[in-house]
Every structure is written in structure tokens, then in C-alpha cells.
$ cat final_33.cif   # mmCIF, C-alpha atoms
data_upload
loop_
_atom_site.label_atom_id
_atom_site.label_comp_id
_atom_site.auth_asym_id
_atom_site.auth_seq_id
_atom_site.Cartn_x
_atom_site.Cartn_y
_atom_site.Cartn_z
CA MET B 364 18.96 18.54 9.33
CA MET B 365 16.59 17.25 11.98
CA LYS B 366 13.97 19.72 13.10
CA SER B 367 13.68 20.29 16.83
CA GLY B 368 10.43 20.06 18.71
CA THR B 369 9.03 17.03 16.88
CA SER B 370 6.82 15.60 19.64
CA MET B 371 3.97 13.88 17.74
CA THR B 372 4.02 10.11 17.75
CA TYR B 373 3.57 8.18 14.52
CA LYS B 374 2.42 4.67 13.70
CA THR B 375 3.86 3.73 10.31
CA LEU B 376 7.08 4.38 8.42
CA VAL B 377 6.50 4.36 4.67
CA VAL B 378 9.69 3.63 2.71
CA GLU B 379 9.35 4.90 -0.84
CA VAL B 380 11.06 2.83 -3.51
CA PRO B 381 12.99 4.92 -6.07
CA GLY B 382 11.84 5.45 -9.64
CA ASN B 383 9.35 7.42 -11.70
CA VAL B 384 8.51 5.02 -14.57
CA CYS B 385 6.00 2.42 -13.44
CA ALA B 386 5.65 -0.98 -15.11
CA GLY B 387 1.89 -0.69 -14.72
CA LYS B 388 -0.68 1.40 -16.51
CA CYS B 389 -3.33 1.94 -13.83
CA CYS B 390 -5.96 4.18 -15.36
CA PHE B 391 -6.79 5.64 -11.94
CA CYS B 392 -3.17 6.47 -11.01
CA CYS B 393 -3.05 9.88 -9.32
CA VAL B 394 0.74 10.35 -9.30
CA ASP B 395 1.94 13.63 -10.77
CA ARG B 396 5.14 12.32 -12.36
CA ASP B 397 6.41 15.82 -13.12
CA LYS B 398 6.73 16.46 -9.38
CA ILE B 399 8.35 13.25 -8.17
CA ILE B 400 11.38 13.84 -5.95
CA GLU B 401 14.66 12.98 -7.64
CA PRO B 402 16.07 9.69 -6.30
CA LYS B 403 19.31 9.88 -4.36
CA LYS B 404 22.08 8.03 -6.19
CA ILE B 405 23.58 5.42 -3.86
CA LYS B 406 26.31 3.08 -5.08
CA HIS B 407 27.10 0.83 -2.11
CA LEU B 408 25.20 -0.89 0.67
CA SER B 409 27.39 0.80 3.30
CA GLU B 410 26.35 4.21 1.95
CA PHE B 411 22.73 3.12 1.88
CA MET B 412 22.86 2.03 5.52
CA LYS B 413 24.56 5.29 6.54
CA ILE B 414 21.71 7.32 5.01
CA TYR B 415 18.70 5.13 5.75
CA SER B 416 19.47 3.53 9.11
CA PRO B 417 19.44 6.75 11.22
CA ARG B 418 16.11 7.78 9.71
CA MET B 419 14.58 4.35 10.21
CA ASN B 420 15.67 4.42 13.85
CA TYR B 421 14.40 7.97 14.30
CA ALA B 422 11.00 6.85 12.99
CA LYS B 423 11.02 4.10 15.63
CA ASP B 424 11.87 6.68 18.30
CA LEU B 425 8.78 8.64 17.20
CA GLY B 426 6.58 5.58 17.73
CA CYS B 427 6.55 3.79 14.37
CA ASP B 428 6.20 0.03 14.80
CA THR B 429 5.35 -0.87 11.21
CA MET B 430 7.36 -0.41 8.03
CA LEU B 431 5.45 -0.15 4.77
CA ILE B 432 7.35 -0.56 1.49
CA SER B 433 5.52 1.38 -1.20
CA GLY B 434 6.06 4.11 -3.76
CA ASN B 435 4.97 5.96 -6.86
CA ILE B 436 5.86 2.90 -8.92
CA GLU B 437 5.37 -0.84 -8.43
CA PRO B 438 7.81 -1.64 -5.58
CA MET B 439 8.92 -5.00 -6.99
CA GLN B 440 10.47 -3.20 -9.98
CA VAL B 441 13.42 -2.35 -7.72
CA GLU B 442 14.27 -5.61 -6.01
CA ASP B 443 17.80 -4.50 -5.10
CA PHE B 444 16.44 -1.51 -3.18
CA ILE B 445 14.00 -3.70 -1.23
CA ALA B 446 16.85 -6.12 -0.46
CA ASP B 447 18.94 -3.19 0.89
CA VAL B 448 16.03 -1.96 3.02
CA LEU B 449 15.49 -5.41 4.50
CA HIS B 450 19.22 -5.89 5.12
CA THR B 451 19.48 -2.50 6.82
CA ASN B 452 16.46 -3.28 8.95
CA LYS B 453 17.86 -6.65 9.99
CA GLU B 454 21.26 -5.21 10.91
CA LYS B 455 20.32 -1.82 12.34
CA SER B 456 16.62 -1.15 12.96
CA SER B 457 14.63 -4.31 13.70
CA PHE B 458 11.14 -3.42 12.53
CA TRP B 459 9.36 -6.75 12.81
CA LYS B 460 6.08 -5.73 11.20
CA ILE B 461 6.96 -5.11 7.55
CA GLU B 462 4.37 -4.79 4.81
CA LEU B 463 4.94 -4.84 1.06
CA GLN B 464 2.40 -3.09 -1.13
CA THR B 465 2.26 -4.55 -4.61
CA SER B 466 0.12 -5.27 -7.64
CA GLY B 467 1.69 -8.73 -7.85
CA TYR B 468 4.59 -7.89 -10.18
CA LYS B 469 7.35 -10.56 -10.00
CA LEU B 470 5.91 -12.05 -6.82
CA LYS B 471 5.61 -15.49 -8.37
CA ASP B 472 9.41 -15.59 -8.70
CA HIS B 473 10.08 -14.75 -5.05
CA LEU B 474 7.35 -16.24 -2.87
CA ASN B 475 9.51 -19.16 -1.75
CA SER B 476 12.84 -17.33 -1.58
CA ILE B 477 14.64 -15.71 1.35
CA PHE B 478 14.42 -12.40 -0.50
CA LEU B 479 11.14 -11.65 1.28
CA ASP B 480 11.88 -13.50 4.51
CA GLN B 481 11.28 -10.43 6.72
CA ILE B 482 7.97 -9.51 5.12
CA HIS B 483 4.99 -10.13 7.40
CA THR B 484 2.13 -8.78 5.26
CA ILE B 485 1.69 -8.58 1.51
CA SER B 486 -0.93 -6.02 0.58
CA LEU B 487 -2.11 -7.02 -2.87
CA SER B 488 -3.89 -4.41 -4.95
CA ILE B 489 -6.89 -5.69 -6.92
CA SER B 490 -9.09 -3.66 -9.27
CA SER B 491 -11.28 -6.49 -10.62
CA PHE B 492 -11.94 -10.10 -9.62
CA ASP B 493 -11.89 -10.96 -13.30
CA PHE B 494 -8.11 -11.16 -13.62
CA HIS B 495 -8.11 -10.57 -17.37
CA GLU B 496 -10.01 -7.36 -16.67
CA ASN B 497 -7.65 -6.56 -13.81
CA GLU B 498 -4.71 -6.83 -16.20
CA ARG B 499 -6.44 -4.55 -18.69
CA ILE B 500 -6.99 -1.92 -15.99
CA THR B 501 -3.60 -2.11 -14.28
CA GLY B 502 -1.19 -3.80 -16.66
CA PHE B 503 -0.34 -6.47 -14.08
CA LYS B 504 -1.06 -10.20 -14.33
CA LEU B 505 -2.60 -12.06 -11.41
CA ASP B 506 -3.91 -15.58 -11.01
CA HIS B 507 -5.62 -17.54 -8.25
CA GLY B 508 -2.63 -19.83 -7.76
CA VAL B 509 -0.23 -17.00 -6.96
CA ILE B 510 -2.72 -15.38 -4.57
CA LYS B 511 -3.27 -18.67 -2.75
CA ASP B 512 0.52 -19.09 -2.47
CA ILE B 513 0.74 -15.63 -0.91
CA SER B 514 -1.98 -16.51 1.60
CA ARG B 515 -0.12 -19.69 2.62
CA ASN B 516 3.17 -17.89 3.26
CA TYR B 517 2.20 -14.39 4.39
CA ASN B 518 -0.57 -12.42 5.96
CA LEU B 519 -2.58 -11.55 2.84
CA ARG B 520 -4.28 -8.19 2.80
CA LEU B 521 -6.43 -7.57 -0.25
CA SER B 522 -6.42 -3.89 -1.08
CA ILE B 523 -9.53 -3.63 -3.24
CA ASN B 524 -9.77 -0.54 -5.37
CA LEU B 525 -13.43 0.43 -5.55
CA THR B 526 -13.50 0.65 -9.34
CA ARG B 527 -16.50 0.41 -11.65
CA GLN B 528 -15.67 -3.28 -12.15
CA VAL B 529 -15.71 -4.01 -8.40
CA ALA B 530 -18.94 -2.02 -8.02
CA ASP B 531 -20.51 -4.12 -10.80
CA PHE B 532 -19.31 -7.30 -9.06
CA ILE B 533 -21.14 -6.17 -5.91
CA LYS B 534 -24.25 -5.40 -7.97
CA ARG B 535 -24.26 -8.97 -9.26
CA ASN B 536 -23.19 -10.79 -6.11
CA GLY B 537 -23.96 -8.47 -3.22
CA VAL B 538 -21.61 -7.39 -0.43
CA ASP B 539 -21.77 -10.92 0.96
CA GLY B 540 -20.48 -12.19 -2.39
CA LEU B 541 -17.58 -9.74 -2.20
CA PHE B 542 -16.51 -11.08 1.18
CA LYS B 543 -16.96 -14.71 0.06
CA GLN B 544 -14.65 -14.04 -2.90
CA CYS B 545 -12.01 -12.54 -0.61
CA LYS B 546 -12.30 -15.51 1.76
CA ALA B 547 -11.87 -17.93 -1.15
CA LEU B 548 -8.64 -16.16 -2.13
CA GLY B 549 -7.25 -16.62 1.40
CA ALA B 550 -7.45 -13.02 2.63
CA ARG B 551 -7.08 -12.35 6.34
CA GLN B 552 -7.50 -8.62 5.95
CA ILE B 553 -9.41 -6.48 3.46
CA VAL B 554 -9.04 -2.81 2.73
CA ILE B 555 -11.73 -1.22 0.56
CA ARG B 556 -10.07 1.77 -1.10
CA GLN B 557 -12.26 4.60 -2.31
CA LEU B 558 -10.51 6.12 -5.32
CA ASP B 559 -9.17 9.63 -4.83
CA SER B 560 -7.02 12.23 -6.53
CA TYR B 561 -4.79 15.18 -5.72
CA GLU B 562 -6.86 17.14 -8.30
CA LYS B 563 -3.87 18.03 -10.44
CA THR B 564 -3.14 15.01 -12.62
CA LYS B 565 -4.34 13.91 -16.04
CA ASN B 566 -6.56 11.13 -14.65
CA ASP B 567 -8.54 13.35 -12.25
CA SER B 568 -11.76 13.45 -14.26
CA PHE B 569 -11.78 9.68 -14.79
CA ILE B 570 -10.98 8.99 -11.12
CA MET B 571 -13.85 11.14 -9.88
CA GLN B 572 -16.28 9.52 -12.36
CA GLU B 573 -15.29 6.08 -11.08
CA ARG B 574 -15.59 7.26 -7.49
CA GLU B 575 -19.09 8.61 -8.08
CA TYR B 576 -20.17 5.44 -9.93
CA ALA B 577 -19.15 3.24 -7.00
CA GLU B 578 -20.30 5.49 -4.16
CA ASP B 579 -23.58 3.69 -3.45
CA LYS B 580 -21.68 0.40 -3.19
CA LEU B 581 -19.42 1.96 -0.57
CA TRP B 582 -22.52 2.79 1.45
CA GLU B 583 -23.75 -0.79 1.08
CA ILE B 584 -20.44 -2.14 2.38
CA GLU B 585 -20.50 0.30 5.30
CA LYS B 586 -24.05 -0.78 6.17
CA VAL B 587 -23.15 -4.48 6.20
CA LEU B 588 -20.07 -3.84 8.32
CA PHE B 589 -22.02 -1.70 10.79
CA ASN B 590 -24.85 -4.21 11.13
CA TYR B 591 -22.90 -7.49 11.11
CA GLY B 592 -19.22 -6.74 11.70
CA LYS B 593 -17.69 -6.99 15.15
CA LYS B 594 -15.70 -3.84 15.87
CA ILE B 595 -11.98 -4.41 16.52
CA GLY B 596 -10.16 -1.08 16.71
CA LYS B 597 -10.63 0.66 13.37
CA TYR B 598 -11.55 -2.65 11.70
CA ARG B 599 -14.71 -4.73 11.53
CA SER B 600 -14.53 -8.52 11.65
CA ILE B 601 -16.50 -10.44 8.99
CA ASP B 602 -16.19 -14.23 8.64
CA GLY B 603 -12.78 -14.25 10.31
CA MET B 604 -11.42 -11.40 8.15
CA SER B 605 -10.74 -7.86 9.34
CA VAL B 606 -12.21 -5.21 7.04
CA PHE B 607 -11.39 -1.52 6.82
CA ILE B 608 -12.82 1.15 4.54
CA ASP B 609 -10.13 3.56 3.41
CA ASP B 610 -11.88 6.75 2.36
CA ASP B 611 -8.61 8.71 2.52
CA CYS B 612 -6.25 6.48 0.55
CA LEU B 613 -3.88 9.40 -0.12
CA ASN B 614 -3.73 10.11 3.62
CA LYS B 615 -4.43 13.78 2.95
CA ASN B 616 -5.47 14.27 6.57
CA ASN B 617 -2.57 12.19 7.96
CA LYS B 618 -5.08 10.22 10.02
CA ASP B 619 -2.73 7.22 10.00
CA ARG B 620 0.13 9.30 11.44
CA ARG B 621 2.66 8.18 8.86
CA LEU B 622 6.25 9.19 8.26
CA ILE B 623 7.61 8.88 4.73
CA LEU B 624 11.22 8.02 3.98
CA ARG B 625 11.34 9.31 0.44
CA GLN B 626 13.59 8.34 -2.43
CA ASP B 627 15.84 11.35 -1.79
CA GLY B 628 16.87 9.63 1.47
CA LYS B 629 15.06 12.15 3.71
CA LEU B 630 12.23 11.79 6.17
CA TYR B 631 8.93 13.68 5.75
CA THR B 632 5.48 13.80 7.32
CA SER B 633 3.67 14.42 4.02
CA TRP B 634 3.87 13.06 0.47
CA ASP B 635 3.14 16.33 -1.30
CA ASN B 636 4.70 18.99 0.91
CA PRO B 637 8.53 19.41 0.87
CA ALA B 638 8.22 21.69 3.91
CA SER B 639 7.24 18.64 5.98
CA LEU B 640 10.90 17.52 6.10
CA ILE B 641 11.94 16.48 9.62
CA PHE B 642 15.25 14.63 9.05
#

$ encode --input "final_33.cif" --output "C-alpha cells"
Amino acid sequence: MMKSGTSMTYKTLVVEVPGNVCAGKCCFCCVDRDKIIEPKKIKHLSEFMKIYSPRMNYAKDLGCDTMLISGNIEPMQVEDFIADVLHTNKEKSSFWKIELQTSGYKLKDHLNSIFLDQIHTISLSISSFDFHENERITGFKLDHGVIKDISRNYNLRLSINLTRQVADFIKRNGVDGLFKQCKALGARQIVIRQLDSYEKTKNDSFIMQEREYAEDKLWEIEKVLFNYGKKIGKYRSIDGMSVFIDDDCLNKNNKDRRLILRQDGKLYTSWDNPASLIF
């Protein structure tokens, strides 16, 4: 049931892909898999549209102009779900700014297909610029060729997890070297993600150790952006790329004013609070 009196405007609709077994093995994953909402079982596209379309349109009525496809697992594990979301959007909702968050899983197979024809931005998660090391950390393979293909066909946002490996890269090459590497990969946007945790999962201790290790590098990045970056909204422009430091990657404070269409087919204002249900 829709709650009355919902007057706040929102910016982004996050559509959560269903599933609780991720193909990756990110050692800084903060998902509490014992508390994941049970996916709603949907058999037909018509049923999917009946459930999802009203909530997508309601999110637009509340001000959302961007749809973000994400989840507690790698989104590209559930291609059929993404296809249904994009079909429903094309037929019923018409979000034109659609972003796919991914670690690169299966992207090589779909970059030139119509499967992703509505996607505007691909936000690619990277935990190390040494791609063998990145695979060890996350379980996902990446290579320069695939990333360059993404940059030629989509707006490429590099979502750089500020891991120990990235901090060490900055130690060796400086902040300027970090931005040069992103430019070489074809990035138009960069998000520097400070690792965080809900403080109730098995990886908490490791996450906070990594966060502390990289903290001085975060300050170095902030200093360079403040001194040399041209301010554009919440971003800073460096060498033709927009850069944003995300020090609240779990959106605990809801600064980004997001709505979440969760895998139970219901609309919430918070990831971790069932009482935030609005539709």
C-alpha cells in the first residue's frame, strides 16, 4: 500500500536485481546475506510490468530522473531481469538516464548487442589497476580492451574502490598518476569510493582496516581536487573528467535522495529498514 504524505523529492531510482548468491568474491563485501529480502517470484513479463511499472512511474512522480540498476549481487548475473526492466521502461516509464553498475561480468558478450541499448552509463567497479590483482580481490576478470570498448559505446564511469592496492598505486604514481590511468582507460567520470560497512557482517574488521590504510590517500585526492579541480555541482573537473569522492557509499544518510525498488517488487527509501516502505 502506498503511504500518504510522501512529499520529499528524490533524484535516483535504484532497481535491485534479484538473487543472494553473487558470482564474485569481493573481500570487502558488506552485504549481510542472512537478511536479504526474498525475491518475488514472477513468471511472465506481463506480471512483471504490472508490479514494476506503477512503482517506476511513482518514482518519476517523486522527482527521480535517473534509474540505477544495481543489487546485492553482480547485476549481469540476471540478464533476463535486466531485459524485463529495460522493456518495461521503454513501454511504460521512459527513464532516459539509465546506469548499470557492474564489475564487468559478461559485459564482453553484450557490448555490441541491443540488450543494453537503453543504457547510458556503465559504472565499472575497479579495486586494482593490476587486473590480475583485481580478479584476485573480486573474482571478476577485466582487461583493457573491454574497458576501452565500454568507453567507446557508453559513458564510462570508473567506480574506484579505495582499497589497499589502489592506495599503493597512488603511493607509487601520485594522485596525478591515478587520474592519468583513468584517462587512458577512457573514463569520463570517476567516483572514488571510500570503503564502508554496516558493522554487522563478517568482513567488517577487514573493511575498516583497509579504510584506515587508505585514509591518507583520500586526503591527498581531496587536496588535489580542491586545489586544481573546477567545481561543477558536486563534482570536480580534472583533465576533462568529472570526479566525485563518495565517502558514504552505502548512502546511510540518504544524501543522494534515492528510492530503492527492491527484489520483493516494493518501493523503499532505505536499503536496511523495512519500515521505509512507501509503495

$ closest_residue --input "final_33.cif" --among "B:Arg621, B:Gln626, B:Val509, B:Ser457" --to "Lys374 of chain B" --atoms "all atoms listed in the file"
B:Arg621

$ resolve_selection --input "final_33.cif" --expression "the PyMOL selection byres ((chain B and resi 475) around 12)" --output "VMD selection string"
chain B and resid 470 to 474 476 to 480 482 509 512 to 513 515 to 517

$ closest_atom_pairs --input "final_33.cif" --of "segment 470-581 of chain B" --to "segment 603-607 of chain B" --cutoff "9 Å" --atoms "all atoms listed in the file" --output "Markdown table"
| residue | atom | partner | partner_atom | distance |
| --- | --- | --- | --- | --- |
| B:Phe542 | CA | B:Met604 | CA | 8.6 |
| B:Cys545 | CA | B:Met604 | CA | 8.9 |
| B:Lys546 | CA | B:Met604 | CA | 7.6 |
| B:Ala550 | CA | B:Met604 | CA | 7.0 |
| B:Arg551 | CA | B:Met604 | CA | 4.8 |
| B:Gln552 | CA | B:Ser605 | CA | 4.8 |
| B:Ile553 | CA | B:Val606 | CA | 4.7 |
| B:Val554 | CA | B:Phe607 | CA | 4.9 |
| B:Ile555 | CA | B:Phe607 | CA | 6.3 |
| B:Arg556 | CA | B:Phe607 | CA | 8.7 |

$ residues_around --input "final_33.cif" --residues "segment 524-528 of chain B" --least-positions-apart "6" --cutoff "7 Å" --atoms "all atoms listed in the file" --output "list in words"
Ile489, Ser490, Ser491, Ile555, Arg556, Gln557, Leu558, Glu573, Tyr576 and Ala577 of chain B

$ closest_residue --input "final_33.cif" --among "B:Ile601, B:Leu521, B:Ala446, B:Ala547" --to "Thr465 of chain B" --atoms "all atoms listed in the file"
B:Leu521

$ residues_near_point --input "final_33.cif" --point "(-1.0, 4.4, -8.5)" --cutoff "10 Å" --atoms "all atoms listed in the file" --output "MDAnalysis selection string"
chainID B and resid 385 387:395 434:437 466 488 501

$ write_last_selection --input "final_33.cif" --atoms "C-alpha atoms" --output "PDB file, in the frame of the given file"
ATOM      1  CA  CYS B 385       6.000   2.420 -13.440  1.00  0.00           C
ATOM      2  CA  GLY B 387       1.890  -0.690 -14.720  1.00  0.00           C
ATOM      3  CA  LYS B 388      -0.680   1.400 -16.510  1.00  0.00           C
ATOM      4  CA  CYS B 389      -3.330   1.940 -13.830  1.00  0.00           C
ATOM      5  CA  CYS B 390      -5.960   4.180 -15.360  1.00  0.00           C
ATOM      6  CA  PHE B 391      -6.790   5.640 -11.940  1.00  0.00           C
ATOM      7  CA  CYS B 392      -3.170   6.470 -11.010  1.00  0.00           C
ATOM      8  CA  CYS B 393      -3.050   9.880  -9.320  1.00  0.00           C
ATOM      9  CA  VAL B 394       0.740  10.350  -9.300  1.00  0.00           C
ATOM     10  CA  ASP B 395       1.940  13.630 -10.770  1.00  0.00           C
ATOM     11  CA  GLY B 434       6.060   4.110  -3.760  1.00  0.00           C
ATOM     12  CA  ASN B 435       4.970   5.960  -6.860  1.00  0.00           C
ATOM     13  CA  ILE B 436       5.860   2.900  -8.920  1.00  0.00           C
ATOM     14  CA  GLU B 437       5.370  -0.840  -8.430  1.00  0.00           C
ATOM     15  CA  SER B 466       0.120  -5.270  -7.640  1.00  0.00           C
ATOM     16  CA  SER B 488      -3.890  -4.410  -4.950  1.00  0.00           C
ATOM     17  CA  THR B 501      -3.600  -2.110 -14.280  1.00  0.00           C
TER      18      THR B 501
END

$ residues_around --input "final_33.cif" --residues "segment 586-591 of chain B" --least-positions-apart "3" --cutoff "9 Å" --atoms "all atoms listed in the file" --output "VMD selection string"
chain B and resid 538 to 539 581 to 583 594 599 to 601 606

$ resolve_selection --input "final_33.cif" --expression "the PyMOL selection byres ((chain B and resi 415) around 9)" --output "PyMOL selection string"
chain B and resi 410-414+416-420+448+451+624+628-629

$ resolve_selection --input "final_33.cif" --expression "the PyMOL selection byres ((chain B and resi 633-635) around 8)" --output "PDB file with C-alpha atoms, keeping the file's coordinate frame"
ATOM      1  CA  ASN B 617      -2.570  12.190   7.960  1.00  0.00           C
ATOM      2  CA  ARG B 621       2.660   8.180   8.860  1.00  0.00           C
ATOM      3  CA  LEU B 622       6.250   9.190   8.260  1.00  0.00           C
ATOM      4  CA  ILE B 623       7.610   8.880   4.730  1.00  0.00           C
ATOM      5  CA  TYR B 631       8.930  13.680   5.750  1.00  0.00           C
ATOM      6  CA  THR B 632       5.480  13.800   7.320  1.00  0.00           C
ATOM      7  CA  ASN B 636       4.700  18.990   0.910  1.00  0.00           C
ATOM      8  CA  PRO B 637       8.530  19.410   0.870  1.00  0.00           C
ATOM      9  CA  SER B 639       7.240  18.640   5.980  1.00  0.00           C
TER      10      SER B 639
END

$ closest_residue --input "final_33.cif" --among "B:Phe492, B:Leu449, B:Lys406, B:Lys504" --to "Gly540 of chain B" --atoms "all atoms listed in the file"
B:Phe492

$ atom_distance --input "final_33.cif" --atom1 "atom CA of Lys460 of chain B" --atom2 "atom CA of Ser514 of chain B"
16.5 Å

$ closest_residue --input "final_33.cif" --among "B:Pro438, B:Leu431, B:Gly596, B:Asp602" --to "Lys543 of chain B" --atoms "all atoms listed in the file"
B:Asp602
